[in-house]
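Peer 1: Please find target.txt (compact mmCIF, N, CA and C atoms) on the next line:
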```txt
# COMPACT_ATOMS: atom_id res chain seq x y z
N MET A 173 19.88 7.72 -1.31
CA MET A 173 19.35 7.35 -2.61
C MET A 173 17.85 7.63 -2.61
N THR A 174 17.38 8.23 -3.67
CA THR A 174 15.96 8.54 -3.79
C THR A 174 15.30 7.56 -4.75
N PHE A 175 14.13 7.06 -4.34
CA PHE A 175 13.33 6.20 -5.19
C PHE A 175 12.05 6.95 -5.52
N TRP A 176 11.56 6.76 -6.73
CA TRP A 176 10.44 7.55 -7.24
C TRP A 176 9.16 6.73 -7.30
N VAL A 177 8.05 7.42 -7.29
CA VAL A 177 6.74 6.80 -7.46
C VAL A 177 6.52 6.55 -8.95
N HIS A 178 6.07 5.34 -9.27
CA HIS A 178 5.74 4.97 -10.64
C HIS A 178 4.29 4.47 -10.67
N TYR A 179 3.71 4.49 -11.84
CA TYR A 179 2.38 3.92 -12.05
C TYR A 179 2.46 2.93 -13.20
N VAL A 180 1.76 1.81 -13.06
CA VAL A 180 1.62 0.86 -14.15
C VAL A 180 0.17 0.97 -14.62
N VAL A 181 -0.01 1.29 -15.89
CA VAL A 181 -1.34 1.38 -16.49
C VAL A 181 -1.50 0.13 -17.35
N PRO A 182 -2.44 -0.76 -16.98
CA PRO A 182 -2.57 -2.02 -17.71
C PRO A 182 -3.10 -1.81 -19.12
N PRO A 183 -2.90 -2.78 -19.98
CA PRO A 183 -3.39 -2.68 -21.36
C PRO A 183 -4.89 -2.38 -21.39
N GLY A 184 -5.27 -1.44 -22.24
CA GLY A 184 -6.68 -1.10 -22.41
C GLY A 184 -7.24 -0.14 -21.37
N ALA A 185 -6.48 0.18 -20.32
CA ALA A 185 -7.00 1.06 -19.26
C ALA A 185 -6.86 2.54 -19.60
N ALA A 186 -5.88 2.88 -20.44
CA ALA A 186 -5.67 4.29 -20.80
C ALA A 186 -6.77 4.75 -21.74
N GLY A 187 -7.31 5.90 -21.44
CA GLY A 187 -8.34 6.46 -22.31
C GLY A 187 -7.73 7.15 -23.52
N ASP A 188 -8.58 7.64 -24.39
CA ASP A 188 -8.09 8.27 -25.61
C ASP A 188 -7.60 9.71 -25.37
N ARG A 189 -7.75 10.23 -24.16
CA ARG A 189 -7.27 11.57 -23.84
C ARG A 189 -5.79 11.59 -23.44
N MET A 190 -5.21 10.41 -23.22
CA MET A 190 -3.82 10.33 -22.79
C MET A 190 -2.89 10.16 -24.00
N SER A 191 -1.86 10.98 -24.07
CA SER A 191 -0.85 10.81 -25.11
C SER A 191 -0.01 9.61 -24.75
N LEU A 192 0.03 8.64 -25.64
CA LEU A 192 0.74 7.40 -25.34
C LEU A 192 1.90 7.21 -26.30
N PRO A 193 3.05 6.87 -25.76
CA PRO A 193 4.21 6.62 -26.62
C PRO A 193 4.10 5.25 -27.29
N THR A 194 4.84 5.10 -28.35
CA THR A 194 4.91 3.80 -29.02
C THR A 194 6.37 3.39 -29.10
N GLY A 195 6.61 2.10 -29.13
CA GLY A 195 7.97 1.61 -29.24
C GLY A 195 8.84 2.10 -28.11
N ASP A 196 10.02 2.62 -28.46
CA ASP A 196 10.99 3.09 -27.46
C ASP A 196 10.80 4.56 -27.08
N GLU A 197 9.79 5.19 -27.62
CA GLU A 197 9.54 6.61 -27.35
C GLU A 197 9.19 6.82 -25.87
N VAL A 198 9.65 7.93 -25.30
CA VAL A 198 9.30 8.34 -23.95
C VAL A 198 8.73 9.75 -24.03
N ILE A 199 7.57 9.95 -23.45
CA ILE A 199 6.96 11.28 -23.40
C ILE A 199 7.21 11.84 -22.01
N GLY A 200 7.93 12.94 -21.93
CA GLY A 200 8.24 13.58 -20.65
C GLY A 200 7.68 14.99 -20.60
N PHE A 201 7.17 15.38 -19.45
CA PHE A 201 6.61 16.72 -19.29
C PHE A 201 6.42 17.03 -17.81
N ALA A 202 6.23 18.28 -17.50
CA ALA A 202 5.91 18.73 -16.15
C ALA A 202 4.45 19.14 -16.11
N GLN A 203 3.79 18.84 -15.02
CA GLN A 203 2.37 19.15 -14.86
C GLN A 203 2.16 19.75 -13.47
N THR A 204 1.47 20.87 -13.40
CA THR A 204 1.13 21.47 -12.11
C THR A 204 -0.13 20.78 -11.59
N LEU A 205 -0.04 20.25 -10.37
CA LEU A 205 -1.17 19.56 -9.75
C LEU A 205 -1.62 20.32 -8.52
N ASP A 206 -2.92 20.34 -8.28
CA ASP A 206 -3.46 20.93 -7.06
C ASP A 206 -3.25 19.95 -5.92
N VAL A 207 -2.60 20.41 -4.86
CA VAL A 207 -2.36 19.60 -3.67
C VAL A 207 -3.03 20.27 -2.49
N ASP A 208 -2.96 19.65 -1.33
CA ASP A 208 -3.66 20.16 -0.15
C ASP A 208 -3.41 21.63 0.13
N ARG A 209 -2.17 22.06 0.00
CA ARG A 209 -1.82 23.44 0.34
C ARG A 209 -1.26 24.19 -0.86
N GLY A 210 -2.00 24.20 -1.94
CA GLY A 210 -1.55 24.95 -3.11
C GLY A 210 -1.31 24.07 -4.32
N GLU A 211 -0.16 24.27 -4.95
CA GLU A 211 0.15 23.55 -6.18
C GLU A 211 1.52 22.90 -6.07
N ARG A 212 1.71 21.88 -6.89
CA ARG A 212 3.01 21.19 -6.94
C ARG A 212 3.30 20.83 -8.39
N MET A 213 4.47 21.16 -8.85
CA MET A 213 4.90 20.78 -10.19
C MET A 213 5.47 19.36 -10.09
N VAL A 214 4.92 18.45 -10.89
CA VAL A 214 5.37 17.06 -10.90
C VAL A 214 5.87 16.74 -12.30
N GLU A 215 7.04 16.12 -12.36
CA GLU A 215 7.60 15.66 -13.63
C GLU A 215 7.06 14.27 -13.92
N PHE A 216 6.56 14.06 -15.13
CA PHE A 216 6.03 12.77 -15.56
C PHE A 216 6.82 12.28 -16.77
N SER A 217 7.02 10.99 -16.84
CA SER A 217 7.59 10.34 -18.03
C SER A 217 6.73 9.12 -18.31
N ILE A 218 6.21 9.03 -19.53
CA ILE A 218 5.35 7.91 -19.91
C ILE A 218 6.07 7.08 -20.96
N LEU A 219 6.10 5.76 -20.74
CA LEU A 219 6.72 4.86 -21.70
C LEU A 219 5.88 3.60 -21.85
N ALA A 220 5.97 3.00 -23.01
CA ALA A 220 5.28 1.73 -23.27
C ALA A 220 6.09 0.62 -22.63
N VAL A 221 5.39 -0.25 -21.89
CA VAL A 221 6.03 -1.41 -21.26
C VAL A 221 5.09 -2.59 -21.47
N GLY A 222 5.57 -3.61 -22.15
CA GLY A 222 4.68 -4.72 -22.49
C GLY A 222 3.56 -4.18 -23.35
N ALA A 223 2.33 -4.59 -23.05
CA ALA A 223 1.17 -4.10 -23.78
C ALA A 223 0.54 -2.89 -23.09
N GLY A 224 1.08 -2.50 -21.94
CA GLY A 224 0.56 -1.37 -21.18
C GLY A 224 1.54 -0.21 -21.17
N HIS A 225 1.47 0.60 -20.12
CA HIS A 225 2.32 1.77 -20.02
C HIS A 225 2.80 1.95 -18.58
N GLN A 226 3.92 2.59 -18.44
CA GLN A 226 4.45 2.94 -17.14
C GLN A 226 4.62 4.44 -17.10
N ILE A 227 4.25 5.03 -15.98
CA ILE A 227 4.39 6.46 -15.78
C ILE A 227 5.32 6.67 -14.59
N ALA A 228 6.44 7.31 -14.83
CA ALA A 228 7.38 7.64 -13.76
C ALA A 228 7.11 9.07 -13.32
N THR A 229 7.31 9.34 -12.04
CA THR A 229 7.15 10.70 -11.51
C THR A 229 8.39 11.09 -10.72
N ASP A 230 8.45 12.33 -10.32
CA ASP A 230 9.52 12.77 -9.43
C ASP A 230 9.03 12.91 -8.00
N ILE A 231 8.00 12.16 -7.63
CA ILE A 231 7.51 12.14 -6.25
C ILE A 231 8.38 11.16 -5.47
N ASP A 232 8.90 11.60 -4.35
CA ASP A 232 9.83 10.82 -3.53
C ASP A 232 9.08 9.71 -2.80
N CYS A 233 9.27 8.48 -3.24
CA CYS A 233 8.55 7.35 -2.67
C CYS A 233 9.00 7.06 -1.23
N THR A 234 10.25 7.28 -0.93
CA THR A 234 10.74 7.05 0.44
C THR A 234 10.04 8.01 1.40
N ALA A 235 9.95 9.28 1.02
CA ALA A 235 9.24 10.26 1.86
C ALA A 235 7.76 9.91 1.95
N LEU A 236 7.18 9.41 0.87
CA LEU A 236 5.78 8.99 0.88
C LEU A 236 5.58 7.85 1.90
N LEU A 237 6.47 6.87 1.87
CA LEU A 237 6.38 5.75 2.81
C LEU A 237 6.53 6.20 4.25
N ARG A 238 7.30 7.24 4.46
CA ARG A 238 7.49 7.78 5.82
C ARG A 238 6.34 8.70 6.23
N GLY A 239 5.39 8.92 5.33
CA GLY A 239 4.22 9.71 5.65
C GLY A 239 4.43 11.21 5.60
N ARG A 240 5.47 11.68 4.92
CA ARG A 240 5.70 13.12 4.82
C ARG A 240 4.52 13.75 4.09
N ALA A 241 3.87 14.69 4.75
CA ALA A 241 2.60 15.25 4.29
C ALA A 241 2.64 15.76 2.85
N GLU A 242 3.71 16.46 2.48
CA GLU A 242 3.74 17.02 1.13
C GLU A 242 3.84 15.93 0.06
N GLU A 243 4.51 14.81 0.37
CA GLU A 243 4.60 13.73 -0.61
C GLU A 243 3.31 12.92 -0.65
N VAL A 244 2.64 12.76 0.50
CA VAL A 244 1.34 12.09 0.52
C VAL A 244 0.34 12.89 -0.31
N ALA A 245 0.34 14.21 -0.14
CA ALA A 245 -0.56 15.07 -0.92
C ALA A 245 -0.22 15.01 -2.40
N ALA A 246 1.06 15.00 -2.73
CA ALA A 246 1.46 14.92 -4.14
C ALA A 246 1.04 13.59 -4.75
N ALA A 247 1.18 12.50 -3.99
CA ALA A 247 0.77 11.18 -4.50
C ALA A 247 -0.73 11.12 -4.71
N ARG A 248 -1.50 11.69 -3.80
CA ARG A 248 -2.95 11.72 -3.98
C ARG A 248 -3.32 12.51 -5.24
N ALA A 249 -2.65 13.64 -5.44
CA ALA A 249 -2.92 14.46 -6.62
C ALA A 249 -2.49 13.73 -7.89
N ALA A 250 -1.36 13.05 -7.85
CA ALA A 250 -0.90 12.29 -9.02
C ALA A 250 -1.84 11.11 -9.29
N ASP A 251 -2.33 10.45 -8.24
CA ASP A 251 -3.31 9.38 -8.41
C ASP A 251 -4.52 9.91 -9.18
N ALA A 252 -5.03 11.05 -8.75
CA ALA A 252 -6.20 11.65 -9.41
C ALA A 252 -5.87 12.02 -10.85
N TRP A 253 -4.67 12.55 -11.10
CA TRP A 253 -4.28 12.92 -12.46
C TRP A 253 -4.24 11.68 -13.34
N VAL A 254 -3.60 10.60 -12.87
CA VAL A 254 -3.54 9.36 -13.65
C VAL A 254 -4.94 8.84 -13.93
N LEU A 255 -5.81 8.86 -12.92
CA LEU A 255 -7.17 8.36 -13.11
C LEU A 255 -8.01 9.26 -14.01
N GLY A 256 -7.55 10.47 -14.26
CA GLY A 256 -8.22 11.32 -15.24
C GLY A 256 -8.02 10.82 -16.67
N PHE A 257 -7.04 9.96 -16.85
CA PHE A 257 -6.72 9.43 -18.18
C PHE A 257 -6.84 7.92 -18.29
N ALA A 258 -6.87 7.23 -17.16
CA ALA A 258 -6.89 5.77 -17.17
C ALA A 258 -7.95 5.27 -16.20
N ALA A 259 -8.62 4.19 -16.57
CA ALA A 259 -9.66 3.62 -15.71
C ALA A 259 -9.09 3.06 -14.42
N CYS A 260 -7.86 2.56 -14.48
CA CYS A 260 -7.21 2.03 -13.28
C CYS A 260 -5.71 2.02 -13.51
N ALA A 261 -4.98 1.87 -12.43
CA ALA A 261 -3.52 1.78 -12.49
C ALA A 261 -3.05 1.22 -11.16
N VAL A 262 -1.79 0.93 -11.08
CA VAL A 262 -1.18 0.50 -9.83
C VAL A 262 -0.02 1.43 -9.55
N ARG A 263 -0.06 2.08 -8.37
CA ARG A 263 1.04 2.95 -7.96
C ARG A 263 2.08 2.06 -7.27
N ILE A 264 3.32 2.15 -7.73
CA ILE A 264 4.35 1.28 -7.17
C ILE A 264 5.63 2.05 -6.84
N HIS A 265 6.36 1.51 -5.90
CA HIS A 265 7.69 2.00 -5.56
C HIS A 265 8.61 1.68 -6.73
N GLU A 266 9.54 2.54 -7.00
CA GLU A 266 10.44 2.36 -8.14
C GLU A 266 11.11 0.99 -8.15
N LEU A 267 11.42 0.44 -6.99
CA LEU A 267 12.08 -0.86 -6.93
C LEU A 267 11.20 -1.99 -7.47
N LEU A 268 9.87 -1.82 -7.40
CA LEU A 268 8.97 -2.89 -7.83
C LEU A 268 8.65 -2.86 -9.31
N HIS A 269 9.05 -1.83 -10.02
CA HIS A 269 8.72 -1.80 -11.45
C HIS A 269 9.52 -2.86 -12.21
N ARG A 270 10.44 -3.55 -11.55
CA ARG A 270 11.17 -4.65 -12.17
C ARG A 270 10.26 -5.83 -12.48
N TRP A 271 9.01 -5.76 -12.05
CA TRP A 271 8.05 -6.82 -12.33
C TRP A 271 8.05 -7.18 -13.81
N TYR A 272 8.16 -6.17 -14.66
CA TYR A 272 8.14 -6.41 -16.10
C TYR A 272 9.35 -7.23 -16.57
N GLU A 273 10.44 -7.15 -15.81
CA GLU A 273 11.64 -7.88 -16.20
C GLU A 273 11.58 -9.36 -15.83
N VAL A 274 10.75 -9.73 -14.87
CA VAL A 274 10.77 -11.10 -14.34
C VAL A 274 9.52 -11.91 -14.66
N CYS A 275 8.58 -11.35 -15.37
CA CYS A 275 7.35 -12.08 -15.64
C CYS A 275 7.24 -12.44 -17.12
N SER A 276 6.32 -13.33 -17.40
CA SER A 276 6.11 -13.75 -18.78
C SER A 276 5.27 -12.71 -19.52
N GLU A 277 5.31 -12.78 -20.84
CA GLU A 277 4.55 -11.84 -21.67
C GLU A 277 3.06 -11.91 -21.37
N SER A 278 2.53 -13.12 -21.13
CA SER A 278 1.10 -13.24 -20.84
C SER A 278 0.72 -12.56 -19.53
N HIS A 279 1.61 -12.58 -18.55
CA HIS A 279 1.33 -11.91 -17.28
C HIS A 279 1.36 -10.39 -17.41
N ARG A 280 2.14 -9.89 -18.35
CA ARG A 280 2.24 -8.44 -18.52
C ARG A 280 0.94 -7.82 -19.00
N SER A 281 0.05 -8.61 -19.54
CA SER A 281 -1.20 -8.07 -20.05
C SER A 281 -2.31 -8.10 -19.01
N SER A 282 -2.00 -8.46 -17.78
CA SER A 282 -3.04 -8.64 -16.77
C SER A 282 -2.73 -7.84 -15.51
N VAL A 283 -3.61 -6.91 -15.16
CA VAL A 283 -3.45 -6.16 -13.92
C VAL A 283 -3.64 -7.10 -12.73
N GLU A 284 -4.46 -8.12 -12.89
CA GLU A 284 -4.65 -9.10 -11.81
C GLU A 284 -3.35 -9.85 -11.54
N ALA A 285 -2.64 -10.24 -12.60
CA ALA A 285 -1.35 -10.93 -12.44
C ALA A 285 -0.35 -10.00 -11.75
N LEU A 286 -0.33 -8.74 -12.14
CA LEU A 286 0.55 -7.78 -11.50
C LEU A 286 0.24 -7.69 -10.01
N GLN A 287 -1.04 -7.58 -9.66
CA GLN A 287 -1.41 -7.46 -8.26
C GLN A 287 -1.08 -8.73 -7.48
N ARG A 288 -1.22 -9.90 -8.10
CA ARG A 288 -0.82 -11.15 -7.42
C ARG A 288 0.68 -11.15 -7.16
N TRP A 289 1.48 -10.73 -8.16
CA TRP A 289 2.92 -10.70 -7.99
C TRP A 289 3.31 -9.71 -6.89
N LEU A 290 2.70 -8.53 -6.91
CA LEU A 290 3.01 -7.53 -5.88
C LEU A 290 2.59 -8.01 -4.50
N THR A 291 1.44 -8.67 -4.40
CA THR A 291 0.97 -9.19 -3.12
C THR A 291 1.93 -10.25 -2.58
N ALA A 292 2.43 -11.10 -3.46
CA ALA A 292 3.38 -12.12 -3.04
C ALA A 292 4.67 -11.49 -2.50
N HIS A 293 5.10 -10.37 -3.08
CA HIS A 293 6.34 -9.73 -2.66
C HIS A 293 6.15 -8.70 -1.56
N ASP A 294 4.96 -8.16 -1.43
CA ASP A 294 4.68 -7.14 -0.42
C ASP A 294 3.22 -7.23 0.01
N PRO A 295 2.86 -8.26 0.79
CA PRO A 295 1.46 -8.45 1.17
C PRO A 295 0.88 -7.30 1.99
N ALA A 296 1.72 -6.55 2.68
CA ALA A 296 1.22 -5.42 3.48
C ALA A 296 0.90 -4.19 2.63
N ARG A 297 1.25 -4.24 1.36
CA ARG A 297 1.05 -3.12 0.44
C ARG A 297 1.77 -1.85 0.90
N ASP A 298 2.92 -2.02 1.49
CA ASP A 298 3.70 -0.85 1.87
C ASP A 298 4.28 -0.15 0.66
N TYR A 299 4.57 -0.90 -0.40
CA TYR A 299 5.28 -0.35 -1.56
C TYR A 299 4.43 -0.27 -2.81
N TRP A 300 3.14 -0.53 -2.71
CA TRP A 300 2.28 -0.43 -3.89
C TRP A 300 0.83 -0.24 -3.45
N ALA A 301 0.02 0.28 -4.36
CA ALA A 301 -1.41 0.47 -4.10
C ALA A 301 -2.16 0.52 -5.42
N PRO A 302 -3.24 -0.27 -5.54
CA PRO A 302 -4.07 -0.15 -6.73
C PRO A 302 -4.89 1.14 -6.64
N ILE A 303 -5.10 1.78 -7.77
CA ILE A 303 -5.96 2.97 -7.80
C ILE A 303 -6.95 2.80 -8.94
N GLY A 304 -8.10 3.42 -8.80
CA GLY A 304 -9.09 3.38 -9.88
C GLY A 304 -10.11 2.28 -9.69
N ALA A 305 -10.63 1.79 -10.80
CA ALA A 305 -11.73 0.81 -10.83
C ALA A 305 -11.40 -0.41 -9.98
N ALA A 306 -12.32 -0.78 -9.13
CA ALA A 306 -12.23 -1.98 -8.30
C ALA A 306 -10.98 -2.01 -7.44
N THR A 307 -10.65 -0.89 -6.82
CA THR A 307 -9.48 -0.83 -5.97
C THR A 307 -9.85 -0.25 -4.61
N THR A 308 -8.89 -0.28 -3.71
CA THR A 308 -9.09 0.27 -2.38
C THR A 308 -8.45 1.65 -2.32
N PRO A 309 -8.89 2.51 -1.38
CA PRO A 309 -8.33 3.85 -1.30
C PRO A 309 -6.86 3.85 -0.87
N LEU A 310 -6.22 4.98 -1.10
CA LEU A 310 -4.84 5.21 -0.73
C LEU A 310 -4.68 5.01 0.77
N LYS A 311 -3.71 4.20 1.18
CA LYS A 311 -3.42 4.01 2.60
C LYS A 311 -2.87 5.30 3.17
N GLY A 312 -3.01 5.45 4.47
CA GLY A 312 -2.52 6.66 5.14
C GLY A 312 -1.05 6.93 4.92
N ARG A 313 -0.24 5.87 4.79
CA ARG A 313 1.19 6.06 4.57
C ARG A 313 1.49 6.35 3.11
N GLY A 314 0.55 6.24 2.23
CA GLY A 314 0.85 6.49 0.82
C GLY A 314 0.53 5.35 0.05
```
Please, can you express the file's structure as structure tokens?
Peer 2:
Amino acid sequence: MTFWVHYVVPPGAAGDRMSLPTGDEVIGFAQTLDVDRGERMVEFSILAVGAGHQIATDIDCTALLRGRAEEVAAARAADAWVLGFAACAVRIHELLHRWYEVCSESHRSSVEALQRWLTAHDPARDYWAPIGAATTPLKGRG
């Protein structure tokens, strides 16, 4: 089973250069990203979740966790791409995007609440990483 890398963009973090869906709309597209050894085509899907947005990719999160070089490079490139449009985001394993299903509406509007929830479930940050403003760099494993 393959799990994908997702990003949570908190409310207000997306800049005006990012095309944002409304309601149940999903914006899907492929984007060529510069990676360590050339280019990689990454599939993106952007959807509105709560007051923020979620971005799904076709980057293999399991391979990223195992430190496979091509997935680490793709995640770094996708991090940079996301930060080109948003001040901050949280990169998460596909299994953790269920956060939106189990939290209250008030928590969905706070990146700090998201990070507290993720820390409680994965304090080692094996399955998630903040990127952008006031965050720490990408861990070696992804």
Peer 1: Can you pull out every residue within 6.5 Å of Ile218 (chain A), counting all atoms listed in the file, but drop anything in the same chain fewer than 5 positions away, and send it as a list in words?
Peer 2: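 Counting all atoms listed in the file, the residues come to Pro193, Glu197, Val198, Ile199, Gly200, Phe201, Gln226, Ile227 and Ala228 of chain A.
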Peer 1: What's around Thr229 (chain A) at 6 Å? Count all atoms listed in the file, leave out sequence neighbours fewer than 4 positions away in its own chain, and write the answer as a CSV table (one decimal) with N, CA and C atoms, in the frame of the given file.
Peer 2:
```csv
chain,number,residue,atom,x,y,z
A,176,TRP,N,11.6,6.8,-6.7
A,176,TRP,CA,10.4,7.6,-7.2
A,176,TRP,C,9.2,6.7,-7.3
A,177,VAL,N,8.0,7.4,-7.3
A,177,VAL,CA,6.7,6.8,-7.5
A,177,VAL,C,6.5,6.6,-9.0
A,178,HIS,N,6.1,5.3,-9.3
A,178,HIS,CA,5.7,5.0,-10.6
A,178,HIS,C,4.3,4.5,-10.7
A,215,GLU,N,7.0,16.1,-12.4
A,215,GLU,CA,7.6,15.7,-13.6
A,215,GLU,C,7.1,14.3,-13.9
A,216,PHE,N,6.6,14.1,-15.1
A,216,PHE,CA,6.0,12.8,-15.6
A,216,PHE,C,6.8,12.3,-16.8
A,217,SER,N,7.0,11.0,-16.8
A,217,SER,CA,7.6,10.3,-18.0
A,217,SER,C,6.7,9.1,-18.3
```
Peer 1: What are the DSSP helix (DSSP H, G or I) residues of region 183-309 of chain A, as a PyMOL selection string?
Peer 2: chain A and resi 233-237+241-255+266-274+277-280+283-293
Peer 1: Those same residues, written as a tab-separated table (two decimals), keeping the file's coordinate frame with N, CA and C atoms?
Peer 2:
```
chain	number	residue	atom	x	y	z
A	233	CYS	N	9.27	8.48	-3.24
A	233	CYS	CA	8.55	7.35	-2.67
A	233	CYS	C	9.00	7.06	-1.23
A	234	THR	N	10.25	7.28	-0.93
A	234	THR	CA	10.74	7.05	0.44
A	234	THR	C	10.04	8.01	1.40
A	235	ALA	N	9.95	9.28	1.02
A	235	ALA	CA	9.24	10.26	1.86
A	235	ALA	C	7.76	9.91	1.95
A	236	LEU	N	7.18	9.41	0.87
A	236	LEU	CA	5.78	8.99	0.88
A	236	LEU	C	5.58	7.85	1.90
A	237	LEU	N	6.47	6.87	1.87
A	237	LEU	CA	6.38	5.75	2.81
A	237	LEU	C	6.53	6.20	4.25
A	241	ALA	N	3.87	14.69	4.75
A	241	ALA	CA	2.60	15.25	4.29
A	241	ALA	C	2.64	15.76	2.85
A	242	GLU	N	3.71	16.46	2.48
A	242	GLU	CA	3.74	17.02	1.13
A	242	GLU	C	3.84	15.93	0.06
A	243	GLU	N	4.51	14.81	0.37
A	243	GLU	CA	4.60	13.73	-0.61
A	243	GLU	C	3.31	12.92	-0.65
A	244	VAL	N	2.64	12.76	0.50
A	244	VAL	CA	1.34	12.09	0.52
A	244	VAL	C	0.34	12.89	-0.31
A	245	ALA	N	0.34	14.21	-0.14
A	245	ALA	CA	-0.56	15.07	-0.92
A	245	ALA	C	-0.22	15.01	-2.40
A	246	ALA	N	1.06	15.00	-2.73
A	246	ALA	CA	1.46	14.92	-4.14
A	246	ALA	C	1.04	13.59	-4.75
A	247	ALA	N	1.18	12.50	-3.99
A	247	ALA	CA	0.77	11.18	-4.50
A	247	ALA	C	-0.73	11.12	-4.71
A	248	ARG	N	-1.50	11.69	-3.80
A	248	ARG	CA	-2.95	11.72	-3.98
A	248	ARG	C	-3.32	12.51	-5.24
A	249	ALA	N	-2.65	13.64	-5.44
A	249	ALA	CA	-2.92	14.46	-6.62
A	249	ALA	C	-2.49	13.73	-7.89
A	250	ALA	N	-1.36	13.05	-7.85
A	250	ALA	CA	-0.90	12.29	-9.02
A	250	ALA	C	-1.84	11.11	-9.29
A	251	ASP	N	-2.33	10.45	-8.24
A	251	ASP	CA	-3.31	9.38	-8.41
A	251	ASP	C	-4.52	9.91	-9.18
A	252	ALA	N	-5.03	11.05	-8.75
A	252	ALA	CA	-6.20	11.65	-9.41
A	252	ALA	C	-5.87	12.02	-10.85
A	253	TRP	N	-4.67	12.55	-11.10
A	253	TRP	CA	-4.28	12.92	-12.46
A	253	TRP	C	-4.24	11.68	-13.34
A	254	VAL	N	-3.60	10.60	-12.87
A	254	VAL	CA	-3.54	9.36	-13.65
A	254	VAL	C	-4.94	8.84	-13.93
A	255	LEU	N	-5.81	8.86	-12.92
A	255	LEU	CA	-7.17	8.36	-13.11
A	255	LEU	C	-8.01	9.26	-14.01
A	266	GLU	N	9.54	2.54	-7.00
A	266	GLU	CA	10.44	2.36	-8.14
A	266	GLU	C	11.11	0.99	-8.15
A	267	LEU	N	11.42	0.44	-6.99
A	267	LEU	CA	12.08	-0.86	-6.93
A	267	LEU	C	11.20	-1.99	-7.47
A	268	LEU	N	9.87	-1.82	-7.40
A	268	LEU	CA	8.97	-2.89	-7.83
A	268	LEU	C	8.65	-2.86	-9.31
A	269	HIS	N	9.05	-1.83	-10.02
A	269	HIS	CA	8.72	-1.80	-11.45
A	269	HIS	C	9.52	-2.86	-12.21
A	270	ARG	N	10.44	-3.55	-11.55
A	270	ARG	CA	11.17	-4.65	-12.17
A	270	ARG	C	10.26	-5.83	-12.48
A	271	TRP	N	9.01	-5.76	-12.05
A	271	TRP	CA	8.05	-6.82	-12.33
A	271	TRP	C	8.05	-7.18	-13.81
A	272	TYR	N	8.16	-6.17	-14.66
A	272	TYR	CA	8.14	-6.41	-16.10
A	272	TYR	C	9.35	-7.23	-16.57
A	273	GLU	N	10.44	-7.15	-15.81
A	273	GLU	CA	11.64	-7.88	-16.20
A	273	GLU	C	11.58	-9.36	-15.83
A	274	VAL	N	10.75	-9.73	-14.87
A	274	VAL	CA	10.77	-11.10	-14.34
A	274	VAL	C	9.52	-11.91	-14.66
A	277	GLU	N	5.31	-12.78	-20.84
A	277	GLU	CA	4.55	-11.84	-21.67
A	277	GLU	C	3.06	-11.91	-21.37
A	278	SER	N	2.53	-13.12	-21.13
A	278	SER	CA	1.10	-13.24	-20.84
A	278	SER	C	0.72	-12.56	-19.53
A	279	HIS	N	1.61	-12.58	-18.55
A	279	HIS	CA	1.33	-11.91	-17.28
A	279	HIS	C	1.36	-10.39	-17.41
A	280	ARG	N	2.14	-9.89	-18.35
A	280	ARG	CA	2.24	-8.44	-18.52
A	280	ARG	C	0.94	-7.82	-19.00
A	283	VAL	N	-3.61	-6.91	-15.16
A	283	VAL	CA	-3.45	-6.16	-13.92
A	283	VAL	C	-3.64	-7.10	-12.73
A	284	GLU	N	-4.46	-8.12	-12.89
A	284	GLU	CA	-4.65	-9.10	-11.81
A	284	GLU	C	-3.35	-9.85	-11.54
A	285	ALA	N	-2.64	-10.24	-12.60
A	285	ALA	CA	-1.35	-10.93	-12.44
A	285	ALA	C	-0.35	-10.00	-11.75
A	286	LEU	N	-0.33	-8.74	-12.14
A	286	LEU	CA	0.55	-7.78	-11.50
A	286	LEU	C	0.24	-7.69	-10.01
A	287	GLN	N	-1.04	-7.58	-9.66
A	287	GLN	CA	-1.41	-7.46	-8.26
A	287	GLN	C	-1.08	-8.73	-7.48
A	288	ARG	N	-1.22	-9.90	-8.10
A	288	ARG	CA	-0.82	-11.15	-7.42
A	288	ARG	C	0.68	-11.15	-7.16
A	289	TRP	N	1.48	-10.73	-8.16
A	289	TRP	CA	2.92	-10.70	-7.99
A	289	TRP	C	3.31	-9.71	-6.89
A	290	LEU	N	2.70	-8.53	-6.91
A	290	LEU	CA	3.01	-7.53	-5.88
A	290	LEU	C	2.59	-8.01	-4.50
A	291	THR	N	1.44	-8.67	-4.40
A	291	THR	CA	0.97	-9.19	-3.12
A	291	THR	C	1.93	-10.25	-2.58
A	292	ALA	N	2.43	-11.10	-3.46
A	292	ALA	CA	3.38	-12.12	-3.04
A	292	ALA	C	4.67	-11.49	-2.50
A	293	HIS	N	5.10	-10.37	-3.08
A	293	HIS	CA	6.34	-9.73	-2.66
A	293	HIS	C	6.15	-8.70	-1.56
```
Peer 1: Please provide the set of residues having any atom within 7 Å of region 292-301 of chain A, restricted to only C-alpha atoms, with same-chain residues fewer than 2 positions apart removed, written as a list of chain:residue names.
Peer 2: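 The residues satisfying every condition are A:Val262, A:Arg263, A:Ile264, A:His265, A:Arg288, A:Trp289, A:Leu290, A:Ile303, A:Leu310.
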Peer 1: Please, could you write that set of residues out with N, CA and C atoms as a compact mmCIF listing (two decimals), in the coordinates of the input?
Peer 2:
```txt
# COMPACT_ATOMS: atom_id res chain seq x y z
N VAL A 262 -1.79 0.93 -11.08
CA VAL A 262 -1.18 0.50 -9.83
C VAL A 262 -0.02 1.43 -9.55
N ARG A 263 -0.06 2.08 -8.37
CA ARG A 263 1.04 2.95 -7.96
C ARG A 263 2.08 2.06 -7.27
N ILE A 264 3.32 2.15 -7.73
CA ILE A 264 4.35 1.28 -7.17
C ILE A 264 5.63 2.05 -6.84
N HIS A 265 6.36 1.51 -5.90
CA HIS A 265 7.69 2.00 -5.56
C HIS A 265 8.61 1.68 -6.73
N ARG A 288 -1.22 -9.90 -8.10
CA ARG A 288 -0.82 -11.15 -7.42
C ARG A 288 0.68 -11.15 -7.16
N TRP A 289 1.48 -10.73 -8.16
CA TRP A 289 2.92 -10.70 -7.99
C TRP A 289 3.31 -9.71 -6.89
N LEU A 290 2.70 -8.53 -6.91
CA LEU A 290 3.01 -7.53 -5.88
C LEU A 290 2.59 -8.01 -4.50
N ILE A 303 -5.10 1.78 -7.77
CA ILE A 303 -5.96 2.97 -7.80
C ILE A 303 -6.95 2.80 -8.94
N LEU A 310 -6.22 4.98 -1.10
CA LEU A 310 -4.84 5.21 -0.73
C LEU A 310 -4.68 5.01 0.77
```
